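Enquirer: If it helps, the file is called protein-v1.cif and holds mmCIF, C-alpha atoms and all ligand atoms:
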data_entry
#
loop_
_atom_site.label_atom_id
_atom_site.label_comp_id
_atom_site.auth_asym_id
_atom_site.auth_seq_id
_atom_site.Cartn_x
_atom_site.Cartn_y
_atom_site.Cartn_z
CA MET A 651 0.00 0.00 0.00
CA LEU A 652 1.13 3.60 0.30
CA ILE A 653 3.00 3.29 3.52
CA LYS A 654 5.88 0.91 3.19
CA SER A 655 6.22 -1.59 5.97
CA GLN A 656 8.98 -4.08 6.46
CA ASP A 657 8.19 -7.27 4.59
CA LYS A 658 8.44 -10.00 7.17
CA THR A 659 7.93 -13.17 5.25
CA GLU A 660 8.25 -15.42 8.27
CA PRO A 661 5.62 -14.47 10.86
CA LYS A 662 6.90 -14.31 14.39
CA SER A 663 5.67 -16.91 16.77
CA TYR A 664 3.73 -14.57 19.00
CA GLU A 665 1.75 -16.33 21.54
CA ILE A 666 -1.80 -16.05 20.33
CA THR A 667 -3.16 -14.97 23.64
CA PRO A 668 -6.23 -13.06 22.53
CA GLU A 669 -7.77 -16.12 20.96
CA THR A 670 -7.00 -18.29 23.96
CA ARG A 671 -8.36 -15.66 26.27
CA TYR A 672 -11.37 -14.98 24.11
CA TRP A 673 -12.46 -18.56 24.05
CA SER A 674 -11.28 -19.79 27.39
CA ARG A 675 -13.34 -17.11 29.06
CA ARG A 676 -16.34 -17.98 26.97
CA ASP A 677 -15.89 -21.67 27.62
CA TRP A 678 -15.57 -20.85 31.26
CA LEU A 679 -18.74 -18.77 31.19
CA LYS A 680 -20.51 -21.59 29.43
CA SER A 681 -19.22 -24.24 31.77
CA VAL A 682 -20.39 -22.36 34.82
CA GLY A 683 -23.74 -21.80 33.21
CA ILE A 684 -23.82 -18.05 32.97
CA MET A 685 -23.32 -17.61 29.27
CA GLY A 686 -26.12 -15.42 28.13
CA ALA A 687 -27.05 -14.43 31.65
CA GLY A 688 -27.43 -10.82 32.67
CA LEU A 689 -25.05 -8.01 33.19
CA ALA A 690 -24.43 -8.76 36.83
CA ALA A 691 -23.31 -12.32 36.21
CA LEU A 692 -20.95 -11.30 33.45
CA ASN A 693 -19.51 -8.47 35.48
CA ALA A 694 -18.65 -10.99 38.13
CA ALA A 695 -16.69 -12.98 35.55
CA PRO A 696 -13.14 -12.20 34.43
CA SER A 697 -13.30 -8.91 32.63
CA PHE A 698 -12.70 -9.86 29.02
CA ALA A 699 -15.94 -8.64 27.66
CA LEU A 700 -18.04 -5.79 28.87
CA ALA A 701 -21.49 -7.13 29.05
CA GLN A 702 -23.65 -4.61 27.33
CA ASP A 703 -24.79 -7.23 24.83
CA PRO A 704 -23.81 -10.47 26.53
CA ASN A 705 -26.01 -12.64 24.40
CA TRP A 706 -24.27 -12.08 21.09
CA GLN A 707 -21.35 -14.14 22.34
CA ALA A 708 -23.54 -17.08 23.30
CA MET A 709 -25.40 -16.79 20.03
CA LEU A 710 -22.17 -16.75 18.03
CA LEU A 711 -20.71 -19.70 19.95
CA ASP A 712 -23.85 -21.70 19.26
CA LYS A 713 -23.86 -20.79 15.57
CA LEU A 714 -20.17 -21.61 15.24
CA SER A 715 -20.72 -25.06 16.66
CA ASN A 716 -23.59 -25.67 14.22
CA ARG A 717 -21.89 -24.34 11.09
CA SER A 718 -22.00 -26.23 7.81
CA LYS A 719 -19.51 -26.73 5.02
CA TRP A 720 -19.98 -24.73 1.83
CA PRO A 721 -19.61 -27.22 -1.05
CA HIS A 722 -17.58 -24.93 -3.35
CA SER A 723 -14.48 -24.26 -1.24
CA THR A 724 -11.11 -24.25 -2.98
CA LYS A 725 -9.18 -27.50 -2.61
CA GLU A 726 -5.92 -25.58 -2.16
CA THR A 727 -4.11 -26.06 1.13
CA PRO A 728 -5.22 -23.51 3.72
CA THR A 729 -2.62 -21.14 5.13
CA PRO A 730 -1.91 -22.15 8.75
CA TYR A 731 -3.97 -20.40 11.42
CA LYS A 732 -0.83 -18.93 12.96
CA ASP A 733 -0.04 -17.04 9.74
CA VAL A 734 -3.63 -15.90 9.23
CA VAL A 735 -3.73 -14.27 12.67
CA THR A 736 -0.18 -12.91 12.90
CA TYR A 737 0.45 -11.46 9.42
CA ASN A 738 -2.18 -8.76 9.05
CA ASN A 739 -3.04 -5.42 7.54
CA PHE A 740 -5.12 -3.39 9.96
CA TYR A 741 -3.92 0.19 10.07
CA GLU A 742 -6.09 1.03 13.09
CA PHE A 743 -3.56 -1.06 15.05
CA GLY A 744 -0.47 0.16 13.16
CA THR A 745 1.12 -0.20 9.75
CA GLY A 746 3.46 -3.16 10.36
CA LYS A 747 2.31 -6.68 9.57
CA ASP A 748 2.79 -7.70 13.21
CA ASP A 749 1.29 -4.51 14.71
CA PRO A 750 -2.30 -5.82 14.63
CA VAL A 751 -1.54 -8.89 16.76
CA LYS A 752 0.74 -6.94 19.11
CA ASN A 753 -1.54 -3.92 19.56
CA SER A 754 -4.89 -5.66 19.77
CA GLN A 755 -4.28 -7.59 22.98
CA ASP A 756 -6.61 -5.35 24.98
CA PHE A 757 -9.23 -4.78 22.29
CA ARG A 758 -12.80 -5.07 23.50
CA VAL A 759 -15.67 -5.72 21.11
CA ASP A 760 -18.39 -4.50 23.45
CA PRO A 761 -20.15 -2.17 23.12
CA TRP A 762 -20.85 -2.66 19.42
CA ARG A 763 -23.59 -1.33 17.18
CA VAL A 764 -23.99 -1.40 13.42
CA LYS A 765 -25.70 1.70 12.09
CA VAL A 766 -27.72 1.09 8.94
CA GLU A 767 -28.82 4.18 7.03
CA GLY A 768 -29.54 5.72 3.64
CA GLU A 769 -31.78 4.23 0.99
CA VAL A 770 -33.41 1.53 3.11
CA GLY A 771 -36.78 0.68 4.53
CA LYS A 772 -35.33 -0.46 7.85
CA PRO A 773 -32.63 1.91 9.03
CA GLY A 774 -31.46 1.49 12.61
CA ASN A 775 -28.75 1.02 15.15
CA TYR A 776 -28.48 -2.75 15.33
CA THR A 777 -26.88 -4.91 18.03
CA LEU A 778 -24.72 -7.88 17.09
CA GLU A 779 -27.55 -10.15 18.16
CA ASP A 780 -29.83 -8.38 15.68
CA ILE A 781 -27.22 -8.84 12.99
CA PHE A 782 -26.43 -12.51 13.70
CA ARG A 783 -29.84 -13.88 14.70
CA PRO A 784 -31.34 -15.36 11.49
CA HIS A 785 -28.10 -16.40 9.80
CA ALA A 786 -26.66 -19.90 9.72
CA LEU A 787 -22.88 -19.99 9.38
CA GLU A 788 -20.81 -21.71 6.73
CA ASP A 789 -17.13 -22.64 6.44
CA ARG A 790 -15.89 -21.23 3.15
CA ILE A 791 -12.29 -21.68 2.06
CA TYR A 792 -11.40 -18.79 -0.24
CA ARG A 793 -8.23 -17.63 -1.94
CA PHE A 794 -7.29 -14.22 -0.56
CA ARG A 795 -5.03 -11.89 -2.59
CA CYS A 796 -3.62 -8.65 -1.22
CA VAL A 797 -2.80 -5.79 -3.61
CA GLU A 798 0.74 -5.97 -2.16
CA ALA A 799 1.17 -9.32 -3.98
CA TRP A 800 1.05 -11.76 -1.07
CA SER A 801 -1.77 -14.25 -0.79
CA MET A 802 -3.31 -16.80 1.53
CA VAL A 803 -5.97 -19.49 1.47
CA VAL A 804 -8.31 -18.91 4.39
CA PRO A 805 -11.15 -20.93 5.92
CA TRP A 806 -13.50 -18.09 6.78
CA VAL A 807 -16.76 -18.57 8.66
CA GLY A 808 -19.66 -16.36 7.70
CA PHE A 809 -22.90 -15.89 5.82
CA PRO A 810 -23.76 -14.23 2.50
CA LEU A 811 -23.76 -10.45 2.76
CA ALA A 812 -26.82 -10.43 0.48
CA ASP A 813 -28.88 -12.20 3.15
CA LEU A 814 -28.07 -9.45 5.63
CA LEU A 815 -28.58 -6.54 3.23
CA LYS A 816 -31.99 -7.80 2.08
CA ARG A 817 -33.23 -7.66 5.67
CA PHE A 818 -32.82 -3.87 5.64
CA GLU A 819 -35.05 -3.57 2.54
CA PRO A 820 -32.92 -1.44 0.20
CA THR A 821 -34.95 0.96 -1.96
CA SER A 822 -34.60 1.21 -5.75
CA LYS A 823 -32.30 4.21 -5.20
CA ALA A 824 -29.72 2.06 -3.42
CA LYS A 825 -27.04 1.60 -6.10
CA TYR A 826 -24.02 1.14 -3.83
CA VAL A 827 -23.25 0.03 -0.31
CA ARG A 828 -20.74 1.99 1.74
CA PHE A 829 -19.08 0.55 4.85
CA GLU A 830 -17.20 2.16 7.73
CA THR A 831 -14.92 0.77 10.41
CA LEU A 832 -15.18 1.87 14.03
CA VAL A 833 -13.41 5.07 15.06
CA ASP A 834 -12.44 4.80 18.71
CA PRO A 835 -8.95 5.85 19.79
CA ASP A 836 -9.48 4.03 23.10
CA ARG A 837 -9.76 0.76 21.22
CA PHE A 838 -7.59 1.45 18.15
CA PRO A 839 -4.20 2.85 19.24
CA ALA A 840 -3.21 4.12 15.78
CA GLN A 841 -6.22 6.45 15.83
CA ARG A 842 -4.80 8.34 18.82
CA PHE A 843 -3.67 11.92 18.41
CA GLY A 844 -0.34 12.15 16.63
CA ARG A 845 -0.34 8.52 15.52
CA SER A 846 -2.76 8.67 12.59
CA THR A 847 -1.42 7.45 9.30
CA ILE A 848 -4.56 7.42 7.18
CA PRO A 849 -7.86 9.31 7.51
CA TRP A 850 -10.45 7.62 9.73
CA PRO A 851 -12.86 6.00 9.44
CA TYR A 852 -11.59 3.34 7.05
CA VAL A 853 -14.19 3.34 4.27
CA GLU A 854 -14.99 0.82 1.57
CA GLY A 855 -17.78 0.33 -0.91
CA LEU A 856 -19.32 -2.12 -3.34
CA ARG A 857 -21.73 -1.76 -6.22
CA MET A 858 -25.08 -3.25 -5.24
CA ASP A 859 -24.71 -6.28 -7.56
CA GLU A 860 -21.24 -6.98 -6.13
CA ALA A 861 -22.57 -6.72 -2.58
CA MET A 862 -25.42 -9.07 -3.46
CA HIS A 863 -23.21 -11.61 -5.24
CA PRO A 864 -23.37 -15.04 -3.56
CA LEU A 865 -19.56 -15.11 -3.09
CA THR A 866 -19.54 -11.91 -1.01
CA LEU A 867 -19.31 -12.97 2.59
CA MET A 868 -19.99 -11.30 5.92
CA VAL A 869 -17.30 -12.93 8.01
CA VAL A 870 -17.59 -13.59 11.74
CA GLY A 871 -14.93 -16.26 12.17
CA VAL A 872 -11.90 -18.04 10.83
CA TYR A 873 -10.82 -21.67 11.23
CA GLY A 874 -14.08 -22.37 13.06
CA LYS A 875 -13.41 -19.77 15.79
CA ALA A 876 -14.74 -16.25 16.29
CA LEU A 877 -12.70 -13.54 14.58
CA LEU A 878 -9.82 -12.20 16.60
CA PRO A 879 -9.46 -8.42 16.84
CA GLN A 880 -6.53 -8.37 14.38
CA SER A 881 -8.71 -10.15 11.80
CA GLY A 882 -11.55 -7.63 12.09
CA ALA A 883 -13.76 -8.72 14.98
CA PRO A 884 -16.66 -8.81 15.31
CA LEU A 885 -17.55 -8.67 11.63
CA ARG A 886 -15.73 -7.97 8.38
CA LEU A 887 -16.25 -8.37 4.68
CA MET A 888 -14.64 -10.90 2.38
CA VAL A 889 -14.89 -10.26 -1.35
CA PRO A 890 -12.65 -13.02 -2.71
CA TRP A 891 -12.26 -11.76 -6.30
CA LYS A 892 -11.06 -8.33 -5.18
CA TYR A 893 -7.81 -7.16 -3.62
CA GLY A 894 -7.80 -7.54 0.15
CA PHE A 895 -8.23 -3.84 0.94
CA LYS A 896 -11.89 -4.08 -0.17
CA SER A 897 -12.50 -6.51 2.71
CA ILE A 898 -13.13 -3.91 5.38
CA LYS A 899 -12.77 -4.98 9.02
CA SER A 900 -14.67 -4.23 12.23
CA ILE A 901 -17.71 -2.73 10.52
CA VAL A 902 -19.94 -0.26 12.38
CA LYS A 903 -21.78 1.41 9.53
CA ILE A 904 -23.60 0.18 6.43
CA GLN A 905 -24.97 2.93 4.19
CA PHE A 906 -27.09 2.39 1.11
CA VAL A 907 -26.30 5.19 -1.33
CA GLU A 908 -27.04 6.37 -4.86
CA LYS A 909 -23.54 7.49 -5.82
CA GLU A 910 -20.30 5.55 -5.94
CA PRO A 911 -18.63 6.05 -2.55
CA LYS A 912 -14.94 6.97 -2.27
CA SER A 913 -12.92 4.40 -0.43
CA THR A 914 -10.04 5.22 1.89
CA TRP A 915 -7.35 4.05 -0.53
CA GLN A 916 -8.93 5.98 -3.40
CA GLN A 917 -8.89 9.09 -1.22
CA LEU A 918 -5.20 8.51 -0.52
CA ALA A 919 -3.97 7.53 -4.00
CA SER A 920 -6.67 7.16 -6.63
CA GLN A 921 -4.08 6.57 -9.38
CA GLU A 922 -2.96 3.41 -7.51
CA TYR A 923 -6.14 2.06 -5.92
CA GLY A 924 -9.41 2.08 -7.78
CA PHE A 925 -12.98 1.53 -6.67
CA PHE A 926 -13.30 -1.90 -8.28
CA ALA A 927 -9.94 -3.37 -7.23
CA ASN A 928 -10.66 -6.65 -9.00
CA VAL A 929 -7.66 -8.99 -8.90
CA ASN A 930 -6.17 -8.72 -12.38
CA PRO A 931 -2.72 -10.03 -13.42
CA GLU A 932 -3.00 -8.06 -16.67
CA VAL A 933 -3.18 -4.67 -14.93
CA ASP A 934 -0.08 -3.87 -12.91
CA HIS A 935 -0.02 -1.63 -9.89
CA PRO A 936 1.93 1.51 -10.94
CA ARG A 937 4.77 0.46 -8.62
CA TRP A 938 4.84 -3.33 -9.02
CA SER A 939 3.65 -6.23 -11.13
CA GLN A 940 0.42 -8.05 -10.33
CA LYS A 941 1.29 -11.07 -12.47
CA ARG A 942 2.31 -13.27 -9.57
CA GLU A 943 1.86 -13.58 -5.82
CA ARG A 944 3.76 -14.90 -2.80
CA ARG A 945 1.61 -17.54 -1.14
CA LEU A 946 2.02 -17.57 2.62
CA PRO A 947 3.66 -19.22 4.49
CA ASN A 948 6.90 -18.49 2.70
CA SER A 949 10.46 -17.41 3.42
CA ILE A 950 13.20 -15.48 1.66
CA TRP A 951 14.69 -18.81 0.59
CA ASP A 952 11.36 -20.11 -0.62
CA PRO A 953 9.16 -17.13 -1.59
CA ASN A 954 6.55 -19.50 -2.97
CA TRP A 955 5.69 -17.38 -6.00
CA MET A 956 2.75 -18.48 -8.12
CA PRO A 957 0.83 -16.92 -11.00
CA THR A 958 -2.06 -14.65 -10.07
CA GLN A 959 -5.39 -15.61 -11.58
CA LYS A 960 -7.87 -13.19 -13.08
CA PHE A 961 -10.56 -12.31 -10.53
CA ASN A 962 -8.41 -14.39 -8.15
CA GLY A 963 -9.70 -17.59 -9.76
CA TYR A 964 -13.39 -16.64 -9.48
CA GLU A 965 -13.72 -15.45 -13.10
CA GLU A 966 -16.45 -17.89 -14.04
CA GLN A 967 -18.63 -16.68 -11.18
CA VAL A 968 -18.04 -12.92 -11.37
CA ALA A 969 -16.95 -11.92 -14.89
CA PRO A 970 -20.60 -11.26 -15.96
CA LEU A 971 -20.73 -8.44 -13.37
CA TYR A 972 -18.22 -6.52 -15.49
CA ALA A 973 -19.38 -7.44 -18.99
CA GLY A 974 -18.54 -4.63 -21.43
CA MET A 975 -16.42 -2.72 -18.91
CA ASN A 976 -12.83 -1.75 -19.59
CA LEU A 977 -11.00 -3.38 -16.68
CA ARG A 978 -7.84 -1.38 -17.36
CA THR A 979 -9.54 1.97 -16.76
CA ASN A 980 -11.95 0.57 -14.15
CA TYR A 981 -9.14 -0.81 -11.97
N1 LIG B 1001 -9.97 -2.80 7.22
C1 LIG B 1001 -9.65 -1.78 8.04
N2 LIG B 1001 -10.61 -1.25 8.80
N3 LIG B 1001 -8.40 -1.30 8.16
C2 LIG B 1001 -7.37 -1.79 7.39
O1 LIG B 1001 -6.23 -1.31 7.51
N4 LIG B 1001 -6.72 -3.39 5.66
C3 LIG B 1001 -7.21 -4.04 4.45
C4 LIG B 1001 -8.35 -5.02 4.76
N5 LIG B 1001 -9.31 -4.42 5.65
C5 LIG B 1001 -7.67 -2.85 6.49
C6 LIG B 1001 -8.99 -3.35 6.46
C7 LIG B 1001 -6.15 -4.75 3.75
S1 LIG B 1001 -5.03 -3.77 2.92
C8 LIG B 1001 -6.07 -6.09 3.68
S2 LIG B 1001 -4.96 -6.87 2.66
C9 LIG B 1001 -6.93 -6.95 4.50
O2 LIG B 1001 -7.80 -6.20 5.35
C10 LIG B 1001 -6.05 -7.83 5.37
O3 LIG B 1001 -6.82 -8.76 6.05
P1 LIG B 1001 -6.09 -9.77 7.04
O4 LIG B 1001 -5.26 -8.97 7.97
O5 LIG B 1001 -7.18 -10.55 7.72
O6 LIG B 1001 -5.23 -10.66 6.19
#
Written as structure tokens, how would this file's structure read?

Expert:
Amino acid sequence: MLIKSQDKTEPKSYEITPETRYWSRRDWLKSVGIMGAGLAALNAAPSFALAQDPNWQAMLLDKLSNRSKWPHSTKETPTPYKDVVTYNNFYEFGTGKDDPVKNSQDFRVDPWRVKVEGEVGKPGNYTLEDIFRPHALEDRIYRFRCVEAWSMVVPWVGFPLADLLKRFEPTSKAKYVRFETLVDPDRFPAQRFGRSTIPWPYVEGLRMDEAMHPLTLMVVGVYGKALLPQSGAPLRLMVPWKYGFKSIKSIVKIQFVEKEPKSTWQQLASQEYGFFANVNPEVDHPRWSQKRERRLPNSIWDPNWMPTQKFNGYEEQVAPLYAGMNLRTNY
């Protein structure tokens, strides 16, 4: 991206404490029978989660244990969990690949609301329970290609974004969906005064047909577990045919709009990062080639280069969305 960070090909073996803590506390809550109980009971528990919406955690745990397998997952070998949760881009925690895991140790999800507004019949300030309630979860193994030319294969857990968006009853004027990440310097250290590197909030957008495409996933977990903060807890997008920066993390706002929204990376360098950001080996980034990618895990001795596929290998499913469009100018 714009800000160069040291390329650490071999992720450090940080102890993955947040995940352990996240789940051990939940398991503990469950085992002592107070999962889903009221504020008082949760306040008496170890203080991982504030308990403004205690039930979303129980609901998510239950849905995770009842998830199903999506039949169309890639057969490629998944990138190990350790790499998925230690090699991250999440500028709210810092620009280095290991900043998100290091700086998210104290991140708290609660309180969390998702504001839905714009061209919709059902605007509102929704809790995570509201968001999760009707959706069954699926394991979907997708290829994931960053614009920086590294890639992974990740077993995400989520549900189709379309199923969520339809619940808000978009009007005929809703041509695009715009998303925002939380702004809270108490929770995101890089948003604190003097430490900002990019304008906040992080913003992304999709055309309505892209948002409604069956491959577009609202992600709540990875490798069968709830998302860790560095991966975008409690909910993030995954648009597998687009460069990774479209997959906005830790979403707090969903706006249905008439005009194409400007994403954060477009605001910063529109000549380098376009609105569509479809993975395309035929269109180079102005500063590097997009013809190949380094599949993680790798090392300097074995960079594990492989050819990049058009639409990241999802051409058959998504090419009709762009029929007649010049993909060189609409990058
Ligand atoms: N979302 C927010 N809010 N902030 C970010 O910095 N980085 C993006 C995307 N979503 C980013 C974000 C980029 S550049 C990439 S490649 C992916 O998240 C990285 O996802 P991962 O860390 O789970 O691999």

Enquirer: Just the number, please: distance in Å from CA of Leu856 in chain A to CA of Met956 in chain A, one decimal.

Expert: 27.9 Å

Enquirer: Check which residues fall inside 6 Å of ligand LIG 1001 (chain B) when counting all atoms listed in the file, and print them as an MDAnalysis selection string.

Expert: chainID A and resid 738:742 796 831 852 881 894:895 897:899

Enquirer: Would you write out those residues with C-alpha atoms, as a PDB file, in the coordinates of the input?

Expert:
ATOM      1  CA  ASN A 738      -2.180  -8.760   9.050  1.00  0.00           C
ATOM      2  CA  ASN A 739      -3.040  -5.420   7.540  1.00  0.00           C
ATOM      3  CA  PHE A 740      -5.120  -3.390   9.960  1.00  0.00           C
ATOM      4  CA  TYR A 741      -3.920   0.190  10.070  1.00  0.00           C
ATOM      5  CA  GLU A 742      -6.090   1.030  13.090  1.00  0.00           C
ATOM      6  CA  CYS A 796      -3.620  -8.650  -1.220  1.00  0.00           C
ATOM      7  CA  THR A 831     -14.920   0.770  10.410  1.00  0.00           C
ATOM      8  CA  TYR A 852     -11.590   3.340   7.050  1.00  0.00           C
ATOM      9  CA  SER A 881      -8.710 -10.150  11.800  1.00  0.00           C
ATOM     10  CA  GLY A 894      -7.800  -7.540   0.150  1.00  0.00           C
ATOM     11  CA  PHE A 895      -8.230  -3.840   0.940  1.00  0.00           C
ATOM     12  CA  SER A 897     -12.500  -6.510   2.710  1.00  0.00           C
ATOM     13  CA  ILE A 898     -13.130  -3.910   5.380  1.00  0.00           C
ATOM     14  CA  LYS A 899     -12.770  -4.980   9.020  1.00  0.00           C
TER      15      LYS A 899
END

Enquirer: Rank A:Lys875, A:Lys892, A:Arg857, A:Lys732 by their smallest atom-to-atom distance to Leu711 in chain A, using all atoms listed in the file, and report the top residue only.

Expert: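 Of A:Lys875, A:Lys892, A:Arg857, A:Lys732, the one nearest Leu711 in chain A is A:Lys875, counting all atoms listed in the file.
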
Enquirer: In Å, with one decimal, what is the gap from CA of Ala927 in chain A to CA of Trp891 in chain A?

Expert: 8.8 Å

Enquirer: Rounded to one decimal in Å, what is the spacing between CA of Val870 in chain A and CA of Val735 in chain A?

Expert: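 It comes out at 13.9 Å.
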
Enquirer: Between A:Gly771, A:Lys903, A:Leu918, A:Leu814, which has the minimum distance to Pro784 in chain A (counting all atoms listed in the file)?

Expert: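 Selected residue with least distance to Pro784 in chain A: A:Leu814.
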
Enquirer: Considering only C-alpha atoms, can you say which of A:Leu832, A:Pro810, A:Arg790, A:Phe838 comes closest to Pro750 in chain A?

Expert: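 Looking at the shortest contact to Pro750 in chain A, the residue is A:Phe838.
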
Enquirer: Around all the atoms of range 896-899 of chain A listed in the file, draw an axis-aligned box and extend it by 6 Å on each of the six sides; I want its centre and edge lengths in Å to one decimal, as JSON.

Expert:
{"center_x": -12.5, "center_y": -5.2, "center_z": 4.4, "size_x": 13.2, "size_y": 14.6, "size_z": 21.2}

Enquirer: So, counting all atoms listed in the file, which residue among A:Ser846, A:Ala799, A:Leu867, A:Lys823 is closest to Asp934 in chain A?

Expert: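 Closest candidate: A:Ala799.
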
Enquirer: Do you know which residues are at most 12 Å from Pro805 in chain A counting only C-alpha atoms, after dropping those on the same chain fewer than 2 positions away, and could you put them as a ChimeraX atom specification?

Expert: /A:719-720,722-731,734,788-794,802-803,807-808,867,869-877,888,890

Enquirer: Skipping near chain neighbours, those fewer than 4 positions away, what residues fall within 12 Å of Glu854 in chain A using all atoms listed in the file, listed as a compact mmCIF listing (two decimals) with C-alpha atoms, in the coordinates of the input?

Expert:
# COMPACT_ATOMS: atom_id res chain seq x y z
CA TYR A 826 -24.02 1.14 -3.83
CA VAL A 827 -23.25 0.03 -0.31
CA ARG A 828 -20.74 1.99 1.74
CA PHE A 829 -19.08 0.55 4.85
CA GLU A 830 -17.20 2.16 7.73
CA THR A 831 -14.92 0.77 10.41
CA TRP A 850 -10.45 7.62 9.73
CA ALA A 861 -22.57 -6.72 -2.58
CA ARG A 886 -15.73 -7.97 8.38
CA LEU A 887 -16.25 -8.37 4.68
CA MET A 888 -14.64 -10.90 2.38
CA VAL A 889 -14.89 -10.26 -1.35
CA TYR A 893 -7.81 -7.16 -3.62
CA GLY A 894 -7.80 -7.54 0.15
CA PHE A 895 -8.23 -3.84 0.94
CA LYS A 896 -11.89 -4.08 -0.17
CA SER A 897 -12.50 -6.51 2.71
CA ILE A 898 -13.13 -3.91 5.38
CA LYS A 899 -12.77 -4.98 9.02
CA SER A 900 -14.67 -4.23 12.23
CA ILE A 901 -17.71 -2.73 10.52
CA VAL A 902 -19.94 -0.26 12.38
CA LYS A 903 -21.78 1.41 9.53
CA ILE A 904 -23.60 0.18 6.43
CA GLN A 905 -24.97 2.93 4.19
CA GLU A 910 -20.30 5.55 -5.94
CA PRO A 911 -18.63 6.05 -2.55
CA LYS A 912 -14.94 6.97 -2.27
CA SER A 913 -12.92 4.40 -0.43
CA THR A 914 -10.04 5.22 1.89
CA TRP A 915 -7.35 4.05 -0.53
CA GLN A 916 -8.93 5.98 -3.40
CA GLN A 917 -8.89 9.09 -1.22
CA TYR A 923 -6.14 2.06 -5.92
CA GLY A 924 -9.41 2.08 -7.78
CA PHE A 925 -12.98 1.53 -6.67
CA PHE A 926 -13.30 -1.90 -8.28
CA ALA A 927 -9.94 -3.37 -7.23
